[in-house]
Structure formats: structure tokens, C-alpha cells
>>> print(open('upload19.txt').read())   # compact mmCIF, C-alpha atoms
# COMPACT_ATOMS: atom_id res chain seq x y z
CA MET A 22 0.00 0.00 0.00
CA ALA A 23 1.41 3.26 -1.08
CA THR A 24 1.97 5.84 1.68
CA ARG A 25 0.80 9.50 1.43
CA GLU A 26 2.46 12.62 2.72
CA ILE A 27 0.64 14.88 5.12
CA ASN A 28 1.65 18.39 6.30
CA LEU A 29 0.36 19.17 9.78
CA ILE A 30 2.21 22.49 10.07
CA GLY A 31 -0.25 25.43 10.05
CA ILE A 32 -0.80 27.08 6.72
CA LYS A 33 1.03 30.38 6.74
CA LYS A 34 -0.33 32.97 4.39
CA LYS A 35 2.06 34.39 2.05
CA PHE A 36 1.45 37.99 1.02
CA THR A 37 2.67 39.58 -2.09
CA PRO A 38 4.96 42.63 -1.69
CA TYR A 39 2.07 44.88 -2.73
CA GLU A 40 -0.16 43.42 -0.03
CA GLU A 41 2.60 43.74 2.51
CA LYS A 42 2.93 47.41 1.61
CA ILE A 43 -0.79 48.00 2.07
CA LYS A 44 -0.72 46.19 5.38
CA GLY A 45 2.15 48.35 6.57
CA ILE A 46 0.40 51.54 5.53
CA SER A 47 -2.84 50.55 7.26
CA HIS A 48 -0.97 49.56 10.41
CA ARG A 49 0.62 53.02 10.54
CA LEU A 50 -2.51 54.96 9.56
CA ILE A 51 -5.11 53.29 11.77
CA PRO A 52 -3.77 54.65 15.08
CA ILE A 53 -3.37 58.12 13.57
CA VAL A 54 -6.91 58.08 12.18
CA LEU A 55 -8.28 56.75 15.45
CA ILE A 56 -6.50 59.37 17.53
CA THR A 57 -7.49 62.17 15.14
CA TYR A 58 -11.10 61.06 15.15
CA ALA A 59 -11.08 60.78 18.92
CA ILE A 60 -9.75 64.35 19.11
CA ILE A 61 -12.47 65.50 16.71
CA LEU A 62 -15.12 63.71 18.75
CA ILE A 63 -13.89 65.19 22.01
CA SER A 64 -13.70 68.65 20.45
CA VAL A 65 -17.18 68.47 18.95
CA PHE A 66 -18.72 67.28 22.21
CA SER A 67 -16.74 69.78 24.30
CA VAL A 68 -17.69 72.72 22.10
CA SER A 69 -21.29 71.56 22.07
CA PHE A 70 -21.33 71.27 25.86
CA TYR A 71 -19.67 74.67 26.24
CA ILE A 72 -22.17 76.38 23.93
CA GLN A 73 -25.08 74.65 25.64
CA ASP A 74 -23.83 75.72 29.03
CA LYS A 75 -23.30 79.29 27.84
CA LEU A 76 -26.74 79.37 26.29
CA ALA A 77 -28.38 78.08 29.46
CA SER A 78 -26.49 80.67 31.51
CA LYS A 79 -27.46 83.46 29.08
CA GLU A 80 -31.08 82.37 29.14
CA ARG A 81 -31.04 82.55 32.93
CA SER A 82 -29.52 86.06 32.76
CA VAL A 83 -32.11 87.20 30.21
CA ALA A 84 -34.91 85.80 32.37
CA SER A 85 -33.49 87.61 35.40
CA GLU A 86 -33.23 90.90 33.48
CA ARG A 87 -36.80 90.45 32.24
CA ASP A 88 -38.02 89.90 35.80
CA GLN A 89 -36.26 93.00 37.04
CA ILE A 90 -37.56 95.13 34.16
CA LYS A 91 -41.05 93.77 34.79
CA LYS A 92 -40.80 94.96 38.38
CA MET A 93 -39.80 98.41 37.13
CA SER A 94 -42.76 98.84 34.78
CA ARG A 95 -43.92 101.84 36.79
CA ASP A 96 -40.55 103.52 36.35
CA GLU A 97 -40.68 102.66 32.66
CA GLY A 98 -44.04 104.38 32.36
CA LYS A 99 -42.69 107.45 34.15
CA TYR A 100 -39.61 107.46 31.95
CA LEU A 101 -41.66 107.27 28.75
CA LEU A 102 -43.92 110.03 30.01
CA LEU A 103 -40.93 112.21 30.81
CA LYS A 104 -39.46 111.49 27.39
CA GLN A 105 -42.76 112.47 25.74
CA LYS A 106 -42.84 115.68 27.75
CA ALA A 107 -39.21 116.47 26.93
CA ASP A 108 -39.89 115.92 23.22
CA ALA A 109 -42.94 118.15 23.32
CA LEU A 110 -41.15 120.85 25.33
CA GLN A 111 -38.27 120.87 22.88
CA GLN A 112 -40.67 121.27 19.97
CA ILE A 113 -42.67 124.02 21.66
CA LEU A 114 -39.76 126.02 23.03
CA GLY A 115 -37.66 125.50 19.90
CA ALA A 116 -40.26 127.16 17.68
CA ARG A 117 -40.87 130.38 19.54
CA PHE A 118 -41.82 133.31 17.35
CA PRO A 119 -40.12 136.59 18.32
CA TYR A 120 -43.27 138.63 18.80
CA VAL A 121 -41.64 141.20 21.05
CA ASP A 122 -38.73 141.79 18.66
CA LEU A 123 -41.07 142.20 15.71
CA PHE A 124 -43.42 144.46 17.61
CA GLU A 125 -40.59 146.69 18.76
CA PHE A 126 -39.18 146.79 15.23
CA PHE A 127 -42.45 147.93 13.62
CA HIS A 128 -43.39 150.18 16.51
CA GLY A 129 -40.03 151.90 16.09
CA LEU A 130 -40.68 152.61 12.41
CA ALA A 131 -43.88 154.55 13.09
CA SER A 132 -43.73 158.33 12.86
CA ASP A 133 -46.04 161.33 12.99
CA MET A 134 -46.64 160.99 9.28
CA VAL A 135 -47.29 157.25 9.35
CA LYS A 136 -49.21 155.98 12.34
CA ILE A 137 -49.75 152.31 12.96
CA SER A 138 -53.43 151.59 13.60
CA SER A 139 -53.14 147.86 14.06
CA LEU A 140 -50.67 145.05 13.84
CA GLU A 141 -51.51 141.38 13.44
CA MET A 142 -48.86 138.70 13.83
CA ASN A 143 -49.08 134.94 13.91
CA GLN A 144 -46.48 132.29 14.56
CA ALA A 145 -46.72 131.05 10.98
CA GLY A 146 -44.89 134.24 10.03
CA SER A 147 -47.77 136.13 8.51
CA LEU A 148 -47.91 139.77 9.50
CA VAL A 149 -50.48 142.43 8.60
CA ILE A 150 -49.82 146.02 9.54
CA ASN A 151 -52.40 148.73 9.05
CA VAL A 152 -51.16 152.31 8.92
CA ASN A 153 -52.86 155.70 8.70
CA THR A 154 -51.24 158.28 6.52
CA LEU A 155 -52.25 161.16 4.30
CA ASP A 156 -48.95 161.32 2.58
CA SER A 157 -48.21 158.59 0.06
CA ALA A 158 -44.56 159.65 -0.06
CA ALA A 159 -44.31 158.99 3.68
CA LEU A 160 -45.86 155.58 3.08
CA ASP A 161 -43.24 154.87 0.41
CA THR A 162 -40.53 155.81 2.88
CA PHE A 163 -42.16 153.61 5.52
CA ILE A 164 -42.32 150.58 3.21
CA SER A 165 -38.79 151.21 1.95
CA ALA A 166 -37.60 151.35 5.54
CA ILE A 167 -39.31 148.05 6.30
CA LEU A 168 -37.78 146.37 3.30
CA ASP A 169 -34.36 147.93 3.86
CA GLN A 170 -34.25 147.02 7.54
CA ALA A 171 -35.78 143.66 6.80
CA GLN A 172 -32.84 142.74 4.61
CA LYS A 173 -30.55 143.37 7.55
CA ARG A 174 -32.65 141.92 10.33
CA PHE A 175 -34.70 139.09 8.91
CA GLY A 176 -33.92 136.18 6.68
CA ARG A 177 -36.72 136.72 4.24
CA VAL A 178 -39.55 139.22 4.37
CA GLU A 179 -41.97 139.20 1.51
CA LEU A 180 -44.26 142.13 0.87
CA THR A 181 -47.43 140.38 -0.23
CA GLY A 182 -49.78 143.33 -0.55
CA VAL A 183 -50.51 147.00 0.06
CA ASP A 184 -54.20 147.84 0.10
CA TYR A 185 -55.74 151.28 0.34
CA LYS A 186 -58.97 151.87 2.22
CA SER A 187 -61.25 154.90 2.04
CA ASP A 188 -60.30 156.28 5.49
CA ASN A 189 -56.69 156.91 4.44
CA THR A 190 -55.68 153.58 5.87
CA TYR A 191 -53.20 151.37 4.14
CA SER A 192 -52.99 147.70 4.89
CA ILE A 193 -49.50 146.31 4.40
CA THR A 194 -49.25 142.54 4.37
CA LEU A 195 -45.92 140.87 4.95
CA ASN A 196 -44.85 137.30 5.04
CA ILE A 197 -41.93 136.54 7.29
CA GLN A 198 -40.68 133.09 6.48
CA THR A 199 -37.40 132.78 8.27
CA ILE A 200 -35.92 134.91 10.92
CA LEU A 201 -32.20 134.51 10.96
CA LYS A 202 -31.12 137.39 13.11
CA ASN A 203 -32.47 138.76 16.31
CA THR A 204 -33.70 142.28 15.83
CA GLN A 205 -32.41 143.37 19.22
CA MET B 7 -15.39 28.30 -5.65
CA LYS B 8 -12.74 27.45 -3.13
CA SER B 9 -10.27 29.75 -4.84
CA VAL B 10 -12.71 32.67 -4.56
CA GLN B 11 -13.27 31.99 -0.87
CA ARG B 12 -9.55 31.82 -0.35
CA MET B 13 -9.02 35.10 -2.14
CA LEU B 14 -11.71 36.82 -0.07
CA ALA B 15 -10.29 35.46 3.17
CA LYS B 16 -6.84 36.60 2.17
CA ASN B 17 -7.97 40.09 1.13
CA ALA B 18 -10.24 40.48 4.13
CA SER B 19 -7.35 40.04 6.45
CA ILE B 20 -5.71 43.06 4.81
CA TYR B 21 -8.77 45.27 4.26
CA MET B 22 -11.13 44.21 7.08
CA ILE B 23 -9.68 46.41 9.82
CA PRO B 24 -9.43 49.63 7.75
CA LEU B 25 -12.89 49.03 6.31
CA SER B 26 -14.38 48.42 9.75
CA LEU B 27 -12.73 51.58 10.97
CA VAL B 28 -14.12 53.63 8.11
CA LEU B 29 -17.55 52.13 8.68
CA PHE B 30 -17.33 52.92 12.39
CA ILE B 31 -16.32 56.49 11.67
CA VAL B 32 -19.11 56.94 9.15
CA ILE B 33 -21.76 55.49 11.48
CA VAL B 34 -20.60 57.46 14.52
CA SER B 35 -20.36 60.62 12.44
CA LEU B 36 -23.84 60.21 10.98
CA MET B 37 -25.46 59.26 14.27
CA TYR B 38 -23.72 61.55 16.71
CA VAL B 39 -21.17 63.97 15.33
CA ILE B 40 -23.14 65.61 12.53
CA PRO B 41 -26.34 66.08 14.62
CA LYS B 42 -24.19 67.44 17.44
CA ILE B 43 -22.51 69.91 15.09
CA LYS B 44 -25.93 70.95 13.78
CA ASP B 45 -27.17 71.41 17.34
CA SER B 46 -24.10 73.41 18.22
CA VAL B 47 -24.56 75.70 15.22
CA ASP B 48 -28.22 76.24 16.18
CA ASN B 49 -27.29 76.82 19.81
CA TYR B 50 -24.58 79.26 18.79
CA LYS B 51 -27.11 81.25 16.76
CA SER B 52 -29.49 81.24 19.74
CA LEU B 53 -26.63 82.30 21.99
CA GLN B 54 -25.90 85.26 19.72
CA GLN B 55 -29.57 86.26 19.77
CA GLN B 56 -29.73 85.84 23.54
CA THR B 57 -26.57 87.94 23.91
CA ILE B 58 -28.10 90.75 21.84
CA GLU B 59 -31.34 90.52 23.84
CA PHE B 60 -29.43 90.46 27.11
CA ASP B 61 -27.42 93.55 26.14
CA LEU B 62 -30.61 95.42 25.26
CA LEU B 63 -32.39 94.37 28.44
CA HIS B 64 -29.34 95.11 30.57
CA LYS B 65 -29.02 98.56 29.05
CA LYS B 66 -32.71 99.16 29.58
CA ARG B 67 -32.53 98.04 33.21
CA LEU B 68 -29.52 100.27 33.92
CA LEU B 69 -31.30 103.19 32.27
CA LEU B 70 -34.41 102.60 34.37
CA GLU B 71 -32.37 102.16 37.55
CA SER B 72 -30.46 105.39 36.97
CA PHE B 73 -33.69 107.16 36.07
CA SER B 74 -35.66 105.96 39.08
CA LYS B 75 -33.27 107.89 41.34
CA ASP B 76 -33.99 111.25 39.66
CA SER B 77 -37.42 110.49 38.24
CA SER B 78 -39.48 112.32 40.83
CA THR B 79 -37.45 115.55 40.45
CA TYR B 80 -37.52 115.58 36.66
CA LEU B 81 -41.17 114.61 36.46
CA ALA B 82 -42.20 117.19 39.01
CA ILE B 83 -40.50 119.94 37.01
CA ALA B 84 -41.89 118.71 33.69
CA GLU B 85 -45.33 118.36 35.25
CA THR B 86 -45.46 122.05 36.18
CA ALA B 87 -44.57 123.00 32.59
CA LEU B 88 -46.69 120.45 30.80
CA PRO B 89 -49.29 118.98 33.16
CA GLN B 90 -51.06 115.68 32.66
CA GLU B 91 -54.46 117.26 33.12
CA LYS B 92 -55.92 120.30 31.40
CA GLN B 93 -55.83 122.27 34.68
CA ALA B 94 -57.99 125.15 33.48
CA ASP B 95 -57.73 126.75 36.92
CA THR B 96 -53.94 127.09 36.66
CA ILE B 97 -54.31 128.74 33.23
CA LEU B 98 -56.58 131.40 34.69
CA LEU B 99 -54.35 131.81 37.70
CA ALA B 100 -51.26 132.21 35.53
CA LEU B 101 -52.96 134.84 33.36
CA ASP B 102 -54.19 136.58 36.48
CA ASN B 103 -50.68 136.66 37.96
CA LEU B 104 -49.14 137.78 34.66
CA THR B 105 -51.54 140.67 34.22
CA ALA B 106 -51.07 141.66 37.85
CA ALA B 107 -47.28 141.61 37.43
CA THR B 108 -47.26 143.59 34.17
CA LEU B 109 -50.28 145.83 34.92
CA LEU B 110 -51.90 144.90 31.63
CA ALA B 111 -55.65 145.21 32.13
CA PRO B 112 -57.57 142.07 31.18
CA ASP B 113 -60.84 142.58 29.32
CA SER B 114 -61.90 139.02 28.70
CA ILE B 115 -60.64 135.50 28.87
CA SER B 116 -62.28 132.75 26.91
CA LEU B 117 -61.18 129.19 27.12
CA ASN B 118 -62.93 125.99 26.26
CA PRO B 119 -61.08 123.11 27.82
CA GLY B 120 -63.84 120.62 26.95
CA VAL B 121 -64.49 117.72 29.27
CA ILE B 122 -62.41 117.89 32.41
CA SER B 123 -61.87 114.25 33.15
CA THR B 124 -59.06 111.96 34.08
CA GLN B 125 -57.00 111.83 30.95
CA SER B 126 -55.74 108.35 31.66
CA ALA B 127 -59.32 107.09 31.24
CA GLU B 128 -59.46 108.43 27.74
CA ILE B 129 -58.18 107.01 24.53
CA GLU B 130 -55.21 109.07 23.43
CA GLY B 131 -56.38 112.16 21.65
CA VAL B 132 -60.08 111.45 22.08
CA SER B 133 -61.99 112.92 24.98
CA ALA B 134 -64.80 111.25 26.90
CA THR B 135 -67.32 112.85 24.55
CA GLY B 136 -65.56 111.37 21.55
CA ARG B 137 -64.34 114.77 20.43
CA LYS B 138 -60.87 114.60 19.01
CA SER B 139 -58.40 116.82 20.84
CA GLU B 140 -55.92 118.78 18.82
CA LYS B 141 -52.30 117.76 19.14
CA GLN B 142 -49.59 120.20 18.22
CA LYS B 143 -45.85 119.94 18.70
CA GLY B 144 -46.18 116.67 20.59
CA ALA B 145 -48.79 117.82 23.12
CA TYR B 146 -52.48 118.58 23.30
CA VAL B 147 -53.59 122.20 23.28
CA ILE B 148 -56.28 124.26 24.89
CA PRO B 149 -56.90 127.44 22.91
CA VAL B 150 -57.40 130.51 25.06
CA GLN B 151 -58.58 133.84 23.73
CA PHE B 152 -57.43 136.69 25.90
CA LEU B 153 -58.26 140.31 25.39
CA ALA B 154 -56.38 142.99 27.31
CA ARG B 155 -55.40 146.62 27.11
CA GLY B 156 -52.41 148.60 28.21
CA THR B 157 -49.36 150.52 27.12
CA THR B 158 -46.82 149.17 24.65
CA SER B 159 -44.31 148.52 27.43
CA GLN B 160 -46.93 146.65 29.44
CA PHE B 161 -47.74 144.61 26.36
CA THR B 162 -44.12 143.72 25.64
CA GLU B 163 -43.51 142.87 29.29
CA PHE B 164 -46.61 140.68 29.36
CA VAL B 165 -45.54 138.77 26.24
CA LYS B 166 -42.00 138.34 27.59
CA GLN B 167 -43.25 136.98 30.91
CA LEU B 168 -45.90 134.85 29.24
CA LEU B 169 -43.34 133.13 27.05
CA ALA B 170 -41.01 132.71 30.02
CA SER B 171 -43.67 131.19 32.26
CA ARG B 172 -43.04 127.68 33.52
CA ARG B 173 -46.57 126.58 32.62
CA ILE B 174 -45.91 126.59 28.91
CA PHE B 175 -47.92 129.08 26.88
CA ASP B 176 -47.57 129.65 23.18
CA LEU B 177 -48.76 132.70 21.37
CA GLU B 178 -50.43 131.57 18.18
CA LYS B 179 -51.63 134.97 17.06
CA VAL B 180 -51.85 138.47 18.40
CA THR B 181 -53.75 141.40 17.02
CA LEU B 182 -52.81 144.80 18.37
CA THR B 183 -55.08 147.74 17.80
CA TYR B 184 -53.73 151.14 18.71
CA ALA B 185 -56.05 153.51 20.53
CA LYS B 186 -56.91 156.49 18.36
CA ASP B 187 -57.18 159.10 21.06
CA VAL B 188 -54.55 157.98 23.55
CA ASP B 189 -50.88 157.82 22.72
CA ASP B 190 -48.93 154.64 23.35
CA PHE B 191 -51.98 152.62 24.28
CA LEU B 192 -53.26 149.50 22.62
CA ILE B 193 -55.80 146.73 22.79
CA ALA B 194 -54.28 143.30 22.43
CA ASP B 195 -56.24 140.29 21.28
CA PHE B 196 -54.20 137.18 22.04
CA MET B 197 -54.85 133.69 20.76
CA LEU B 198 -52.93 131.60 23.25
CA LEU B 199 -52.20 127.92 23.21
CA VAL B 200 -51.80 126.13 26.50
CA TYR B 201 -50.38 122.64 26.42
CA TYR B 202 -51.00 119.49 28.39
CA LEU B 203 -49.94 115.92 27.89
CA PRO B 204 -52.04 113.06 29.27
CA PRO B 205 -50.20 110.20 30.98
CA ILE B 206 -49.49 107.17 28.87
CA THR B 207 -51.66 104.16 29.61
CA GLU B 208 -49.67 101.56 27.72
CA ILE B 209 -46.01 100.80 27.62
CA GLY B 210 -44.27 98.57 25.11
CA GLY B 211 -43.17 95.01 25.72
CA ILE B 212 -40.27 94.16 27.99
CA GLU B 213 -37.95 93.94 24.97
CA SER B 214 -39.03 97.33 23.60
CA VAL B 215 -36.13 99.73 23.36
CA LEU B 216 -36.47 102.88 25.43
CA PRO B 217 -35.77 106.11 23.58
CA GLU B 218 -32.86 107.72 25.36
CA LEU B 219 -33.39 110.98 27.18
CA THR B 220 -30.69 113.19 25.68
CA SER B 221 -28.55 115.52 27.76
CA ALA B 222 -30.10 118.48 25.91
CA GLU B 223 -33.55 117.31 27.01
CA THR B 224 -32.40 116.81 30.61
CA GLU B 225 -30.86 120.28 30.64
CA LEU B 226 -34.04 121.72 29.17
CA ILE B 227 -36.15 120.16 31.92
CA LEU B 228 -33.77 121.36 34.61
CA SER B 229 -33.69 124.84 33.08
CA LEU B 230 -37.48 125.02 33.48
CA ASN B 231 -36.93 124.98 37.22
CA SER B 232 -35.50 128.49 37.06
CA LEU B 233 -38.57 129.87 35.26
CA PRO B 234 -41.18 131.59 37.39
CA LEU B 235 -44.12 129.43 38.31
CA MET B 236 -46.91 131.82 37.37
CA SER B 237 -49.68 129.31 37.98
CA GLN B 238 -49.29 129.48 41.76
CA GLN B 239 -51.53 131.43 44.06
CA VAL B 240 -49.93 134.71 45.00
CA THR B 241 -50.75 135.63 48.57
CA THR B 242 -51.69 139.23 49.03
CA PRO B 243 -50.01 140.83 52.03
CA GLY B 244 -52.45 141.74 54.76
CA VAL B 245 -55.07 139.15 53.84
CA ASP B 246 -55.35 136.34 56.35
CA ALA B 247 -56.15 133.12 54.51
CA SER B 248 -57.43 131.52 57.73
CA ILE B 249 -60.35 133.94 58.01
CA PRO B 250 -63.57 132.06 57.14
CA LEU B 251 -65.19 133.65 54.11
CA GLY B 252 -68.50 131.80 54.23
CA LYS B 253 -70.23 128.48 54.63
CA PRO B 254 -68.49 125.75 52.69
CA ASP B 255 -71.79 123.87 52.18
CA LEU B 256 -75.00 125.84 51.83
CA PHE B 257 -77.24 122.86 52.52
CA VAL B 258 -75.73 122.08 55.87
CA PRO B 259 -77.50 123.96 58.68
>>> encode(input="upload19.txt", output="C-alpha cells")
Amino acid sequence: MATREINLIGIKKKFTPYEEKIKGISHRLIPIVLITYAIILISVFSVSFYIQDKLASKERSVASERDQIKKMSRDEGKYLLLKQKADALQQILGARFPYVDLFEFFHGLASDMVKISSLEMNQAGSLVINVNTLDSAALDTFISAILDQAQKRFGRVELTGVDYKSDNTYSITLNIQTILKNTQ
Amino acid sequence: MKSVQRMLAKNASIYMIPLSLVLFIVIVSLMYVIPKIKDSVDNYKSLQQQTIEFDLLHKKRLLLESFSKDSSTYLAIAETALPQEKQADTILLALDNLTAATLLAPDSISLNPGVISTQSAEIEGVSATGRKSEKQKGAYVIPVQFLARGTTSQFTEFVKQLLASRRIFDLEKVTLTYAKDVDDFLIADFMLLVYYLPPITEIGGIESVLPELTSAETELILSLNSLPLMSQQVTTPGVDASIPLGKPDLFVP
């Protein structure tokens, strides 16, 4: 009976040089990849935890501020009221019309020849002055004086009309748009 | 078939570990890392919004805290200049004091304040009767027609003091008629505007930004304190206010 050979030694794989190279590369890369990924994981979770913590803390602060502001609603109402008043006062006091200056200016221009019978002024800048005179030359001088002085004292004074009435009264209508200089 | 199995077993021993690693990374990334990053981005955006909100609220609280210390002083001054109520009595008193101080002789005073009611109970700008109040320059006005006579110097002094009164008056229109027979004498027809500002009944939400009170406005309010308070009762020397002038209630025996 013919005998047969048997090999009981474990089969040892034999890798090609290419496979050996790949094995070497993977052996070197795996720890690096693992460590890098672990770092990324730790970083992502740490940053996430940090942001969450910060957010929770900020939310608590916001809630606290809200509570405190809620308690001060009365002060808030007073503050808004004061602000409204301050706004209104600024508007009112900032748009004062110089009645006294204008009155003194026109009153000073009157003479024996030209007497002012009435003067109407409003804060929109409209001014009507009625004068009594028998002398039209004196009236010319009066109007010229107004216009001449007006150039020096006021920003813009527009003579909008001169009307004659039967009782020797002239009505001079002026429109004062902007007053740049104080007449005093 | 055996050769294929052998090849797979041989290749698996080389590629199994790297492939498992890649698979692990992909699964962990998809399940945990990417959602966590998304959450973090969302939380960061919320944090930014919360920070902005906190800054606004903090600023508002500090403003209110600093204001509450001086609020009563500022409001008291502003209240005398621009009261919450129409206070028709103080208008008359102020005109009375002004004419007494300047010796301008009053002929008539005509004012129509409308319904005298608590302004806070009214809708802004609409009185209890439904009549719309007129608002000018940020406040409501009561028109007052005032007729007086006097010399030119009395007139100018009256206007100066009127415009410098702490209870704010505005002169909308004035018509001066010179007396024909008397020199330097005139009749003045004033159209005055007296202002008041009802208290606010609603404030904005907690997050609403407060308009800042500027230093110019604060100075303006403080400067009002130096103006004469013409709407106060002037006591006449020699008249004892404690002397009873009559029965306070006619129906009480």
C-alpha cells in the first residue's frame, strides 16, 4: 500500500509585496486616524457642551433681566412720560416766534406821518400792519424802511400786498418766512 | 469556488480592519457627530440672539435704575410746565398773575377746555365725549382767547413773561389795535395755546427699546426749574387766609 504525505504544520499565508505594503500603511494609519477622530469627537462634544452651558447661563440672565424690568414697569411708564414731555417741550420752546422783537421793530418805524393803527402777527410768520397816513410819499418811505431794515434783520420778508382803504388807511401785508437774526 | 473563498479570506485580512474603521467612523459621524454639530450651530445662533437681547435688556434696566433715582425731580419739574391734566384753573391763575405783574388790564378770557376728566381714562387724543383733541408739537392744546389793554411797554412785558412762564404758553396769534385818542396805548387780542400731555396708559413690551433721554432734554427740563411758576396762588399781604369767608356747604344747617 502506497503511503501519502501529510503536512500538519499550520498554513502560513504568504502575502505579495504589494499586499505587505498596504498592510504596513494601514498599520501606521489606523492609530493616527483613530487618535485624530477621537480628538475631533472630544472637540465636537466639548464645544457643544460649552455652547449649551453658555446658552443656558445666558437664558437665565435674560430671564433675570426680564423679571427686574417687569418689576420696574412703573418707572418705565414714568420714563416714557418724561421722554414724551421732553420731546414736546423741545418742539414748543424750539419754535418760539419773536413777537416782542417784531413788535418793537415795527413800533419803532412809526412816525407822525405814518401811524400804525393795528398790527396782526401769527407764529406762521404772517404779518399784517395797518397804517394811517395822508402822505403817500411817507408811506413809500415807511415801506422802503421796512424792506431795507428787513434785509438786515430778517432772513426773508416778503411784501405780499398794500391795500388802500377809504379812510386813508393802508394795509400792508408781509410774510416773514425765516428769521435769521435777532432784531435786538 | 474554493479559490474565490480563499481570495476573499486573504484580502479580508488586509482590508477588514481599515474598512471596519471607516464604517465605524461613518456610522458614529452620521449618528452623533453631525447632529451634534448641527445642534451646536443652532445653539450658537441662539446664543448670539440671547446675547443681543441680554445687552438690550441690561441697558434698559440700567437706564431705568439710573432714572428711578432722579425720576421724581424731573417729572415734578416737567409736570409744572406740561401737566397731565388740562388744569384750566392754573391757566386762569397764571394769566391773572401775569396781568397783575405787568399791569396789563384784562378785558376778557375765553377758554374751552372741553371735558375735564381723568385723561388716563381716555383714549389718546379722544376725549370722553368722543371729540378729538388737537395735538400740536407733541402735546395737546387748549386754545385761550385773551383780550387785554395797556401801554406798549406793558404789552411787551406781558408777552416776555408769558413766554417765560413755567406753565408753557404759546402765542399763536396776536392782534394789536392802537387807541386812536390815547398815545402809546393799545388793545391786544391774544390767541394763546396752553399745552398738556395726558399720561401714557400703555407701555411697550419688555424687549421694547427705550428712547434715550438726551442731555439736551435733561438740561431743558432742569432749566425750566428756574422759570417763574406763574400758575401758583400769589398771597396778598395783609389778607389772612385763615379767616372764614362763608359756609363751605349751603345745605348744611
>>> atom_distance(input="upload19.txt", atom1="atom CA of B:Ala84", atom2="atom CA of B:Phe164")
22.9 Å
>>> interface_residues(input="upload19.txt", of="chain B", to="chain A", cutoff="7 Å", atoms="only C-alpha atoms", output="number ranges by chain")
B: 20, 24, 39, 42-43, 46, 49-50, 53, 56-57, 60, 63-64, 67, 70, 74, 81, 84, 88, 143-145, 162, 165, 178-184, 205-206, 209, 212, 219, 223, 227
>>> residues_around(input="upload19.txt", residues="B:Ile97", least_positions_apart="2", cutoff="12 Å", atoms="only C-alpha atoms", output="ChimeraX atom specification")
/B:86-89,91-95,99-104,115-119,147-152,168,171-175,198-202,235-239
>>> axis_aligned_box(input="upload19.txt", around="stretch 102-118 of chain B", padding_each_side="3 Å", output="AutoDock Vina command-line options")
--center_x -55.1 --center_y 135.9 --center_z 32.1 --size_x 21.7 --size_y 25.8 --size_z 17.7
>>> atom_distance(input="upload19.txt", atom1="atom CA of B:Ile31", atom2="atom CA of A:Pro38")
28.7 Å
>>> closest_residue(input="upload19.txt", among="B:Gln167, B:Leu228, B:Lys186, B:Asp176", to="A:Val152", atoms="all atoms listed in the file")
B:Lys186
>>> residues_around(input="upload19.txt", residues="A:Ile164", least_positions_apart="4", cutoff="12 Å", atoms="only C-alpha atoms", output="count of residues only")
26
>>> atom_distance(input="upload19.txt", atom1="atom CA of B:Ala194", atom2="atom CA of B:Leu169")
15.6 Å
>>> closest_residue(input="upload19.txt", among="B:Leu192, B:Ser78, B:Lys166, B:Gln160", to="B:Leu233", atoms="only C-alpha atoms")
B:Lys166
